[in-house]
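With TSV, C-alpha atoms (C1' of nucleotides) inside, this is query.tsv:
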chain	number	residue	atom	x	y	z
A	1	MET	CA	-4.91	-8.75	-6.00
A	2	THR	CA	-2.21	-10.44	-4.02
A	3	ARG	CA	-1.99	-13.35	-6.37
A	4	ALA	CA	1.32	-12.15	-7.69
A	5	ALA	CA	2.65	-11.93	-4.18
A	6	GLU	CA	2.56	-15.70	-4.07
A	7	ASP	CA	5.11	-15.87	-6.84
A	8	HIS	CA	7.28	-13.28	-5.17
A	9	ALA	CA	7.08	-15.26	-1.93
A	10	PHE	CA	6.99	-12.23	0.32
A	11	CYS	CA	8.32	-8.90	-0.73
A	12	PRO	CA	7.87	-5.97	1.64
A	13	VAL	CA	8.21	-3.44	-1.15
A	14	TYR	CA	5.58	-5.16	-3.19
A	15	GLU	CA	3.24	-5.19	-0.22
A	16	ALA	CA	4.01	-1.60	0.68
A	17	ILE	CA	3.20	-0.48	-2.84
A	18	ASN	CA	-0.09	-2.36	-2.66
A	19	VAL	CA	-1.01	-0.55	0.52
A	20	LEU	CA	-0.06	2.90	-0.66
A	21	GLN	CA	-1.57	2.51	-4.08
A	22	GLU	CA	-5.15	2.52	-2.84
A	23	LYS	CA	-6.97	5.66	-3.74
A	24	TRP	CA	-6.74	8.46	-1.15
A	25	THR	CA	-4.35	6.61	1.15
A	26	LEU	CA	-1.38	8.86	0.53
A	27	HIS	CA	-3.56	11.96	0.60
A	28	ILE	CA	-4.87	10.92	4.00
A	29	VAL	CA	-1.42	10.29	5.38
A	30	ARG	CA	-0.17	13.55	4.00
A	31	THR	CA	-2.97	15.44	5.67
A	32	LEU	CA	-2.37	13.71	8.99
A	33	LEU	CA	1.29	14.68	8.89
A	34	ASP	CA	0.07	18.15	9.84
A	35	GLY	CA	-1.45	16.75	13.01
A	36	PRO	CA	-4.47	14.74	14.19
A	37	ARG	CA	-7.86	15.40	12.64
A	38	GLY	CA	-11.48	14.53	13.20
A	39	PHE	CA	-13.41	12.59	10.60
A	40	ASN	CA	-15.17	15.42	8.79
A	41	GLU	CA	-12.22	17.70	9.26
A	42	LEU	CA	-9.98	15.13	7.62
A	43	SER	CA	-12.49	14.63	4.86
A	44	ARG	CA	-12.44	18.34	4.06
A	45	ALA	CA	-8.69	18.64	4.25
A	46	VAL	CA	-8.13	15.68	1.95
A	47	GLY	CA	-10.64	17.13	-0.45
A	48	GLY	CA	-12.76	14.89	-2.63
A	49	CYS	CA	-12.82	11.64	-0.71
A	50	ASN	CA	-16.29	10.53	0.26
A	51	PRO	CA	-17.09	9.23	3.75
A	52	ALA	CA	-17.58	5.62	2.72
A	53	THR	CA	-14.13	5.37	1.20
A	54	LEU	CA	-12.60	7.39	4.00
A	55	THR	CA	-14.00	5.01	6.60
A	56	GLN	CA	-12.65	2.05	4.72
A	57	ARG	CA	-9.19	3.57	4.28
A	58	LEU	CA	-8.98	4.56	7.91
A	59	GLU	CA	-9.96	1.08	9.02
A	60	ARG	CA	-7.28	-0.48	6.89
A	61	LEU	CA	-4.66	2.02	8.00
A	62	GLU	CA	-5.60	1.37	11.59
A	63	ARG	CA	-5.32	-2.38	11.12
A	64	LEU	CA	-1.87	-1.88	9.61
A	65	GLY	CA	-0.82	0.22	12.56
A	66	ILE	CA	-0.33	3.35	10.51
A	67	VAL	CA	-3.14	5.39	12.00
A	68	SER	CA	-4.61	5.39	15.48
A	69	LYS	CA	-8.17	6.30	16.26
A	70	THR	CA	-9.22	7.90	19.52
A	71	ILE	CA	-12.83	8.35	20.51
A	72	HIS	CA	-13.08	11.29	22.87
A	73	SER	CA	-16.84	11.19	23.25
A	74	THR	CA	-19.67	9.32	21.66
A	75	MET	CA	-22.24	12.03	22.04
A	76	PRO	CA	-21.63	14.60	20.80
A	77	PRO	CA	-19.38	12.60	18.48
A	78	ARG	CA	-15.71	13.49	18.83
A	79	THR	CA	-13.06	11.35	17.29
A	80	SER	CA	-9.54	11.96	16.21
A	81	TYR	CA	-7.24	10.18	13.84
A	82	ALA	CA	-3.50	10.45	14.24
A	83	LEU	CA	-0.43	8.86	12.71
A	84	THR	CA	1.44	6.22	14.66
A	85	GLU	CA	5.21	5.93	14.44
A	86	ALA	CA	4.83	3.84	11.29
A	87	GLY	CA	2.57	6.52	9.89
A	88	GLN	CA	4.98	9.32	10.68
A	89	ALA	CA	7.69	7.37	8.94
A	90	LEU	CA	5.75	7.70	5.72
A	91	GLN	CA	6.82	11.31	5.69
A	92	GLN	CA	9.97	10.16	3.92
A	93	VAL	CA	7.85	8.68	1.16
A	94	ILE	CA	5.66	11.75	0.84
A	95	GLU	CA	8.73	13.93	0.74
A	96	ALA	CA	10.27	11.86	-2.01
A	97	ILE	CA	7.05	12.17	-4.00
A	98	ASP	CA	6.94	15.87	-3.26
A	99	THR	CA	10.48	16.39	-4.52
A	100	TRP	CA	9.82	14.35	-7.60
A	101	GLY	CA	6.52	16.09	-8.32
A	102	ARG	CA	7.99	19.56	-8.06
A	103	LYS	CA	10.75	18.69	-10.43
A	104	TYR	CA	8.96	16.59	-13.02
A	105	LEU	CA	5.34	17.67	-12.92
A	106	PRO	CA	5.76	21.40	-13.29
A	107	GLU	CA	2.71	22.21	-15.40
A	108	PRO	CA	-0.84	21.01	-15.07
A	109	VAL	CA	-1.58	22.75	-18.33
A	110	ALA	CA	0.27	20.06	-20.25
A	111	ALA	CA	-2.88	18.07	-20.92
A	112	ALA	CA	-4.76	21.29	-21.71
A	113	HIS	CA	-7.75	19.93	-23.50
B	114	MET	CA	-10.92	12.83	-9.57
B	115	THR	CA	-9.24	16.16	-9.98
B	116	ARG	CA	-12.12	18.05	-8.48
B	117	ALA	CA	-10.24	18.66	-5.28
B	118	ALA	CA	-7.31	19.96	-7.25
B	119	GLU	CA	-9.41	22.97	-8.10
B	120	ASP	CA	-9.60	23.91	-4.45
B	121	HIS	CA	-5.90	23.35	-4.00
B	122	ALA	CA	-5.22	25.53	-7.04
B	123	PHE	CA	-2.26	23.51	-8.28
B	124	CYS	CA	-0.26	21.34	-6.01
B	125	PRO	CA	2.50	19.20	-7.52
B	126	VAL	CA	2.46	16.77	-4.61
B	127	TYR	CA	-1.26	16.30	-4.91
B	128	GLU	CA	-0.88	15.63	-8.62
B	129	ALA	CA	2.08	13.35	-8.14
B	130	ILE	CA	0.14	11.28	-5.64
B	131	ASN	CA	-2.71	11.01	-8.09
B	132	VAL	CA	-0.39	9.69	-10.74
B	133	LEU	CA	1.42	7.19	-8.54
B	134	GLN	CA	-1.69	5.96	-6.80
B	135	GLU	CA	-3.11	4.25	-9.89
B	136	LYS	CA	-2.97	0.51	-9.63
B	137	TRP	CA	0.25	-1.11	-10.96
B	138	THR	CA	1.97	2.19	-11.74
B	139	LEU	CA	4.60	1.87	-9.05
B	140	HIS	CA	5.07	-1.81	-9.75
B	141	ILE	CA	5.71	-1.01	-13.39
B	142	VAL	CA	8.23	1.69	-12.58
B	143	ARG	CA	9.96	-0.54	-10.10
B	144	THR	CA	10.32	-3.27	-12.66
B	145	LEU	CA	11.66	-0.88	-15.26
B	146	LEU	CA	14.30	0.34	-12.84
B	147	ASP	CA	16.07	-2.95	-13.60
B	148	GLY	CA	16.24	-2.01	-17.26
B	149	PRO	CA	14.03	-1.82	-20.37
B	150	ARG	CA	11.50	-4.53	-21.00
B	151	GLY	CA	9.20	-5.74	-23.74
B	152	PHE	CA	5.44	-5.77	-23.21
B	153	ASN	CA	4.90	-9.39	-22.23
B	154	GLU	CA	8.19	-9.50	-20.42
B	155	LEU	CA	7.13	-6.50	-18.37
B	156	SER	CA	3.75	-8.05	-17.77
B	157	ARG	CA	5.34	-11.18	-16.36
B	158	ALA	CA	7.85	-9.31	-14.24
B	159	VAL	CA	5.19	-7.08	-12.73
B	160	GLY	CA	3.08	-10.12	-12.02
B	161	GLY	CA	-0.69	-9.92	-12.04
B	162	CYS	CA	-1.40	-6.92	-14.21
B	163	ASN	CA	-3.51	-7.77	-17.22
B	164	PRO	CA	-2.66	-6.44	-20.70
B	165	ALA	CA	-5.53	-3.97	-20.91
B	166	THR	CA	-4.50	-2.19	-17.74
B	167	LEU	CA	-0.84	-2.43	-18.61
B	168	THR	CA	-1.43	-0.76	-21.96
B	169	GLN	CA	-3.38	2.03	-20.31
B	170	ARG	CA	-0.74	2.60	-17.63
B	171	LEU	CA	2.06	2.64	-20.17
B	172	GLU	CA	0.22	5.14	-22.34
B	173	ARG	CA	-0.31	7.45	-19.42
B	174	LEU	CA	3.27	7.11	-18.23
B	175	GLU	CA	4.47	7.83	-21.73
B	176	ARG	CA	2.28	10.93	-21.97
B	177	LEU	CA	3.69	12.13	-18.67
B	178	GLY	CA	7.22	11.61	-19.92
B	179	ILE	CA	8.03	8.94	-17.39
B	180	VAL	CA	8.38	6.04	-19.79
B	181	SER	CA	9.54	5.93	-23.39
B	182	LYS	CA	8.41	3.37	-25.90
B	183	THR	CA	10.58	2.15	-28.74
B	184	ILE	CA	9.30	-0.02	-31.53
B	185	HIS	CA	12.15	-2.07	-32.92
B	186	SER	CA	10.10	-4.00	-35.43
B	187	THR	CA	6.45	-4.35	-36.26
B	188	MET	CA	6.61	-7.90	-37.49
B	189	PRO	CA	7.67	-9.87	-35.66
B	190	PRO	CA	6.56	-7.49	-32.93
B	191	ARG	CA	9.41	-6.11	-30.85
B	192	THR	CA	8.91	-3.21	-28.51
B	193	SER	CA	10.70	-1.97	-25.49
B	194	TYR	CA	9.68	0.26	-22.66
B	195	ALA	CA	12.28	2.20	-20.71
B	196	LEU	CA	12.32	4.87	-18.05
B	197	THR	CA	13.11	8.43	-19.01
B	198	GLU	CA	15.04	10.70	-16.69
B	199	ALA	CA	11.81	11.56	-14.87
B	200	GLY	CA	11.13	7.87	-14.54
B	201	GLN	CA	14.59	7.09	-13.18
B	202	ALA	CA	14.07	9.83	-10.63
B	203	LEU	CA	11.22	7.82	-9.18
B	204	GLN	CA	13.83	5.49	-7.79
B	205	GLN	CA	14.02	7.81	-4.79
B	206	VAL	CA	10.33	7.27	-4.18
B	207	ILE	CA	10.54	3.51	-4.58
B	208	GLU	CA	13.51	3.42	-2.25
B	209	ALA	CA	11.63	5.39	0.38
B	210	ILE	CA	8.75	2.95	0.11
B	211	ASP	CA	11.17	0.05	0.24
B	212	THR	CA	12.81	1.34	3.40
B	213	TRP	CA	9.47	1.99	4.99
B	214	GLY	CA	8.07	-1.39	3.98
B	215	ARG	CA	11.02	-3.33	5.35
B	216	LYS	CA	10.77	-1.57	8.65
B	217	TYR	CA	7.04	-1.41	9.20
B	218	LEU	CA	5.55	-4.27	7.22
B	219	PRO	CA	7.64	-7.11	8.52
B	220	GLU	CA	5.05	-9.87	8.54
B	221	PRO	CA	2.56	-10.83	5.89
B	222	VAL	CA	1.05	-13.28	8.33
B	223	ALA	CA	-0.69	-10.47	10.16
B	224	ALA	CA	-3.80	-10.71	8.02
B	225	ALA	CA	-3.48	-14.49	8.00
B	226	HIS	CA	-5.45	-15.77	5.03
C	227	DC	C1'	3.06	-27.88	-39.99
C	228	DA	C1'	1.92	-27.54	-35.00
C	229	DT	C1'	3.30	-25.02	-30.93
C	230	DA	C1'	4.84	-21.18	-28.58
C	231	DG	C1'	6.22	-16.67	-28.68
C	232	DT	C1'	5.68	-11.45	-29.85
C	233	DG	C1'	2.63	-6.99	-28.87
C	234	DC	C1'	-1.27	-5.80	-28.22
C	235	DT	C1'	-7.10	-5.14	-28.55
C	236	DA	C1'	-12.02	-6.36	-27.50
C	237	DT	C1'	-15.82	-7.63	-24.85
C	238	DA	C1'	-17.96	-8.85	-20.69
C	239	DG	C1'	-17.83	-9.18	-15.88
C	240	DA	C1'	-16.11	-8.30	-11.10
C	241	DT	C1'	-14.25	-5.13	-7.99
C	242	DT	C1'	-13.68	-0.62	-6.23
C	243	DG	C1'	-14.98	4.03	-5.48
C	244	DT	C1'	-18.71	7.76	-5.52
C	245	DC	C1'	-23.06	10.37	-4.70
C	246	DA	C1'	-26.67	11.70	-1.91
C	247	DA	C1'	-29.25	11.20	1.77
C	248	DG	C1'	-29.88	10.34	6.53
C	249	DC	C1'	-29.48	9.08	11.86
C	250	DA	C1'	-28.86	10.62	16.85
C	251	DT	C1'	-27.32	14.10	19.37
C	252	DT	C1'	-25.38	18.60	20.88
C	253	DT	C1'	-24.25	23.24	20.27
C	254	DC	C1'	-24.88	27.77	18.63
C	255	DA	C1'	-27.69	31.66	16.69
C	256	DC	C1'	-31.74	33.94	17.23
D	257	DG	C1'	-36.71	27.49	23.01
D	258	DT	C1'	-36.78	26.57	18.23
D	259	DG	C1'	-34.29	26.09	13.87
D	260	DA	C1'	-29.98	25.49	11.58
D	261	DA	C1'	-25.44	23.55	11.64
D	262	DA	C1'	-22.15	20.51	13.14
D	263	DT	C1'	-20.30	15.89	14.71
D	264	DG	C1'	-19.06	10.80	13.06
D	265	DC	C1'	-20.33	7.90	10.54
D	266	DT	C1'	-23.82	4.12	7.58
D	267	DT	C1'	-26.63	2.74	3.75
D	268	DG	C1'	-27.97	1.71	-0.96
D	269	DA	C1'	-27.87	2.73	-5.79
D	270	DC	C1'	-24.81	3.99	-9.30
D	271	DA	C1'	-20.44	4.86	-11.97
D	272	DA	C1'	-15.65	4.33	-12.76
D	273	DT	C1'	-11.89	1.25	-12.68
D	274	DC	C1'	-9.72	-3.14	-13.14
D	275	DT	C1'	-9.67	-8.09	-14.55
D	276	DA	C1'	-10.32	-12.51	-17.16
D	277	DT	C1'	-10.44	-14.63	-21.29
D	278	DA	C1'	-10.03	-14.94	-25.81
D	279	DG	C1'	-8.18	-13.67	-29.95
D	280	DC	C1'	-5.49	-11.33	-34.11
D	281	DA	C1'	-1.32	-11.09	-37.30
D	282	DC	C1'	2.71	-12.94	-37.72
D	283	DT	C1'	7.47	-15.43	-36.98
D	284	DA	C1'	10.59	-18.60	-35.21
D	285	DT	C1'	11.50	-23.22	-33.44
D	286	DG	C1'	11.09	-28.01	-33.55

Using structure tokens, write down the structure from this file.
Amino acid sequence: MTRAAEDHAFCPVYEAINVLQEKWTLHIVRTLLDGPRGFNELSRAVGGCNPATLTQRLERLERLGIVSKTIHSTMPPRTSYALTEAGQALQQVIEAIDTWGRKYLPEPVAAAH
Amino acid sequence: MTRAAEDHAFCPVYEAINVLQEKWTLHIVRTLLDGPRGFNELSRAVGGCNPATLTQRLERLERLGIVSKTIHSTMPPRTSYALTEAGQALQQVIEAIDTWGRKYLPEPVAAAH
DNA sequence: CATAGTGCTATAGATTGTCAAGCATTTCAC
DNA sequence: GTGAAATGCTTGACAATCTATAGCACTATG
């Protein structure tokens, strides 16, 4: 997966794309821009991501310093995921996508089967 | 994949994310921002994407009106892929990612080997 | 005339993501 | 106080997605 990165030496853009391109990552960040969420709450808000994938994504995002996890209580389980500064900064990216999407993806009907 | 979209009615951002999140898509667009490319040329510039996936991505991008394909000659084979206006507009997105990446992904060493 | 190049496609295999169920515990409705 | 629902996940089997490798038809270069 990062084989090509070797050729490119190190390219932050290339790396950034690789991070953001994983399924659900941008959806998760977008949801968290509205404020911190618990696990199931986040799952519902994102819509469609199953817990296994969600766990994995959150772990990676945490390792990258994009999301921070806070355990309020173990029993009953209470956790919350929030964006760090790096995570908040992704708002620019989401906004760019938003702008682009509104302008160039106007109709979902296009592929009307 | 689009199951959640049903709940969200229709959300351009959601859709846009789904398009851009597919592996190699953003890399392909980024490469094409430097100008049109032939198939193998593009493949090499992107670095790491195999022809089967590349073909599939290019077909989808073409259907979405992001990329345009021009066949200059069948034999010897000469084709070129270029960004349409919608594709060029993705430069804003790539730039946002670039800015973010440079600021928040400074070291690749983090996940040392 | 062999080698390398063009733009792909095909088949099989590896990686990644999904579905469904379930655990331990508390809280809320009844 | 008993049953249902919720919390934050984990597990294991399965499906979708992506990759590796090889190859085709053909030309241009040496």

Chain A on chain B, all Cα pairs in order, RMSD
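C-alpha RMSD after least-squares superposition: 0.4 Å.
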
Could you make a table, as a tab-separated table, of the residues of chain C that have an atom within 8 Å of an atom of chain B, each with its nearest atom pair and distance in Å to one decimal, counting only C-alpha atoms (C1' of nucleotides), in chain and number order?
residue	atom	partner	partner_atom	distance
C:DT232	C1'	B:Pro190	CA	5.1
C:DG233	C1'	B:Pro190	CA	5.7
C:DC234	C1'	B:Pro164	CA	7.7
C:DT235	C1'	B:Ala165	CA	7.9

Tell me the residues of chain A close to chain B, meaning within 6 Å using all atoms listed in the file, as a ChimeraX atom specification.
/A:4,12-13,16,21,47-48,93,96-98,101-102

Using all atoms listed in the file, find which residues of chain D lie within 10 Å of chain A and jot them down as a list in words.
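Result, ordered by chain then number: DA262, DT263, DG264, DC265, DT266, DT267 and DT275 of chain D.
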
Computed interatomic separation between atom C1' of C:DC245 and atom CA of A:Ser43 (Å)
14.9 Å

What separation in Å, quoted to one decimal, exists between atom C1' of C:DT252 and atom CA of A:Pro36?
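Separation of atom C1' of C:DT252 and atom CA of A:Pro36: 22.3 Å.
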
Could you please determine the separation between atom CA of A:Gly35 and atom CA of A:Leu83 in Å, to one decimal place?
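These two atoms are separated by 8.0 Å.
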
To test the calculation: enclose all listed atoms of stretch 273-279 of chain D in a box whose edges run along x, y and z, add 3 Å on each side, then state centre and edge lengths in Å to one decimal, as AutoDock Vina command-line options.
--center_x -10.0 --center_y -6.8 --center_z -21.3 --size_x 9.7 --size_y 22.2 --size_z 23.3

Proximity to D:DC274 - best of B:Leu146, B:Ile141, B:Leu155, B:Leu167, all atoms listed in the file:
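Selected residue with least distance to D:DC274: B:Leu167.
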
Using all atoms listed in the file, which of the listed residues (D:DG279, D:DG268, D:DA260, D:DT273) sits closest to C:DG243?
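Using all atoms listed in the file, C:DG243 sits closest to D:DT273.
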
Tell me, as a PyMOL selection string, which residues lie within 8 Å of A:Thr70, counting all atoms listed in the file; anything in the same chain fewer than 2 positions away does not count.
chain A and resi 68+72+79-81

Show me, as a ChimeraX atom specification, the residues that have an atom within 12 Å of D:DG286 when counting all atoms listed in the file, minus same-chain residues fewer than 6 positions from it.
/C:227-230

Could you complete stretch 38-70 of chain A so that it carries N, CA and C atoms, and give it back as a JSON list (two decimals), in the coordinates of the input?
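Output below, filename result_35.json:
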[["chain", "number", "residue", "atom", "x", "y", "z"],
["A", 38, "GLY", "N", -10.21, 15.23, 13.03],
["A", 38, "GLY", "CA", -11.48, 14.53, 13.20],
["A", 38, "GLY", "C", -11.92, 14.00, 11.84],
["A", 39, "PHE", "N", -12.98, 13.23, 11.84],
["A", 39, "PHE", "CA", -13.41, 12.59, 10.60],
["A", 39, "PHE", "C", -13.78, 13.59, 9.50],
["A", 40, "ASN", "N", -14.72, 14.46, 9.80],
["A", 40, "ASN", "CA", -15.17, 15.42, 8.79],
["A", 40, "ASN", "C", -14.08, 16.42, 8.43],
["A", 41, "GLU", "N", -13.33, 16.78, 9.43],
["A", 41, "GLU", "CA", -12.22, 17.70, 9.26],
["A", 41, "GLU", "C", -11.21, 17.11, 8.27],
["A", 42, "LEU", "N", -10.90, 15.85, 8.49],
["A", 42, "LEU", "CA", -9.98, 15.13, 7.62],
["A", 42, "LEU", "C", -10.54, 15.06, 6.21],
["A", 43, "SER", "N", -11.81, 14.73, 6.14],
["A", 43, "SER", "CA", -12.49, 14.63, 4.86],
["A", 43, "SER", "C", -12.34, 15.92, 4.06],
["A", 44, "ARG", "N", -12.55, 17.04, 4.73],
["A", 44, "ARG", "CA", -12.44, 18.34, 4.06],
["A", 44, "ARG", "C", -11.01, 18.65, 3.64],
["A", 45, "ALA", "N", -10.10, 18.35, 4.53],
["A", 45, "ALA", "CA", -8.69, 18.64, 4.25],
["A", 45, "ALA", "C", -8.17, 17.81, 3.08],
["A", 46, "VAL", "N", -8.58, 16.56, 3.03],
["A", 46, "VAL", "CA", -8.13, 15.68, 1.95],
["A", 46, "VAL", "C", -8.72, 16.19, 0.64],
["A", 47, "GLY", "N", -9.99, 16.53, 0.70],
["A", 47, "GLY", "CA", -10.64, 17.13, -0.45],
["A", 47, "GLY", "C", -11.01, 16.15, -1.53],
["A", 48, "GLY", "N", -12.28, 15.72, -1.55],
["A", 48, "GLY", "CA", -12.76, 14.89, -2.63],
["A", 48, "GLY", "C", -13.06, 13.45, -2.27],
["A", 49, "CYS", "N", -12.58, 13.03, -1.12],
["A", 49, "CYS", "CA", -12.82, 11.64, -0.71],
["A", 49, "CYS", "C", -14.15, 11.54, 0.01],
["A", 50, "ASN", "N", -14.98, 10.62, -0.39],
["A", 50, "ASN", "CA", -16.29, 10.53, 0.26],
["A", 50, "ASN", "C", -16.21, 9.68, 1.52],
["A", 51, "PRO", "N", -17.14, 9.89, 2.44],
["A", 51, "PRO", "CA", -17.09, 9.23, 3.75],
["A", 51, "PRO", "C", -16.96, 7.72, 3.71],
["A", 52, "ALA", "N", -17.64, 7.08, 2.77],
["A", 52, "ALA", "CA", -17.58, 5.62, 2.72],
["A", 52, "ALA", "C", -16.15, 5.15, 2.48],
["A", 53, "THR", "N", -15.51, 5.74, 1.50],
["A", 53, "THR", "CA", -14.13, 5.37, 1.20],
["A", 53, "THR", "C", -13.21, 5.74, 2.35],
["A", 54, "LEU", "N", -13.44, 6.93, 2.90],
["A", 54, "LEU", "CA", -12.60, 7.39, 4.00],
["A", 54, "LEU", "C", -12.65, 6.42, 5.18],
["A", 55, "THR", "N", -13.84, 5.98, 5.51],
["A", 55, "THR", "CA", -14.00, 5.01, 6.60],
["A", 55, "THR", "C", -13.19, 3.76, 6.32],
["A", 56, "GLN", "N", -13.34, 3.27, 5.10],
["A", 56, "GLN", "CA", -12.65, 2.05, 4.72],
["A", 56, "GLN", "C", -11.13, 2.20, 4.80],
["A", 57, "ARG", "N", -10.64, 3.32, 4.26],
["A", 57, "ARG", "CA", -9.19, 3.57, 4.28],
["A", 57, "ARG", "C", -8.67, 3.65, 5.70],
["A", 58, "LEU", "N", -9.42, 4.38, 6.54],
["A", 58, "LEU", "CA", -8.98, 4.56, 7.91],
["A", 58, "LEU", "C", -8.95, 3.25, 8.67],
["A", 59, "GLU", "N", -9.93, 2.39, 8.37],
["A", 59, "GLU", "CA", -9.96, 1.08, 9.02],
["A", 59, "GLU", "C", -8.74, 0.26, 8.63],
["A", 60, "ARG", "N", -8.43, 0.29, 7.36],
["A", 60, "ARG", "CA", -7.28, -0.48, 6.89],
["A", 60, "ARG", "C", -5.99, 0.07, 7.48],
["A", 61, "LEU", "N", -5.87, 1.38, 7.48],
["A", 61, "LEU", "CA", -4.66, 2.02, 8.00],
["A", 61, "LEU", "C", -4.51, 1.74, 9.50],
["A", 62, "GLU", "N", -5.65, 1.65, 10.16],
["A", 62, "GLU", "CA", -5.60, 1.37, 11.59],
["A", 62, "GLU", "C", -5.14, -0.08, 11.81],
["A", 63, "ARG", "N", -5.69, -0.97, 11.01],
["A", 63, "ARG", "CA", -5.32, -2.38, 11.12],
["A", 63, "ARG", "C", -3.84, -2.59, 10.84],
["A", 64, "LEU", "N", -3.29, -1.76, 9.96],
["A", 64, "LEU", "CA", -1.87, -1.88, 9.61],
["A", 64, "LEU", "C", -0.98, -1.14, 10.60],
["A", 65, "GLY", "N", -1.61, -0.49, 11.57],
["A", 65, "GLY", "CA", -0.82, 0.22, 12.56],
["A", 65, "GLY", "C", -0.19, 1.50, 12.06],
["A", 66, "ILE", "N", -0.85, 2.12, 11.08],
["A", 66, "ILE", "CA", -0.33, 3.35, 10.51],
["A", 66, "ILE", "C", -1.04, 4.55, 11.10],
["A", 67, "VAL", "N", -2.31, 4.33, 11.44],
["A", 67, "VAL", "CA", -3.14, 5.39, 12.00],
["A", 67, "VAL", "C", -3.74, 4.89, 13.31],
["A", 68, "SER", "N", -3.92, 5.78, 14.25],
["A", 68, "SER", "CA", -4.61, 5.39, 15.48],
["A", 68, "SER", "C", -5.84, 6.26, 15.68],
["A", 69, "LYS", "N", -6.90, 5.62, 16.11],
["A", 69, "LYS", "CA", -8.17, 6.30, 16.26],
["A", 69, "LYS", "C", -8.47, 6.47, 17.75],
["A", 70, "THR", "N", -8.88, 7.66, 18.12],
["A", 70, "THR", "CA", -9.22, 7.90, 19.52],
["A", 70, "THR", "C", -10.61, 8.49, 19.59]]
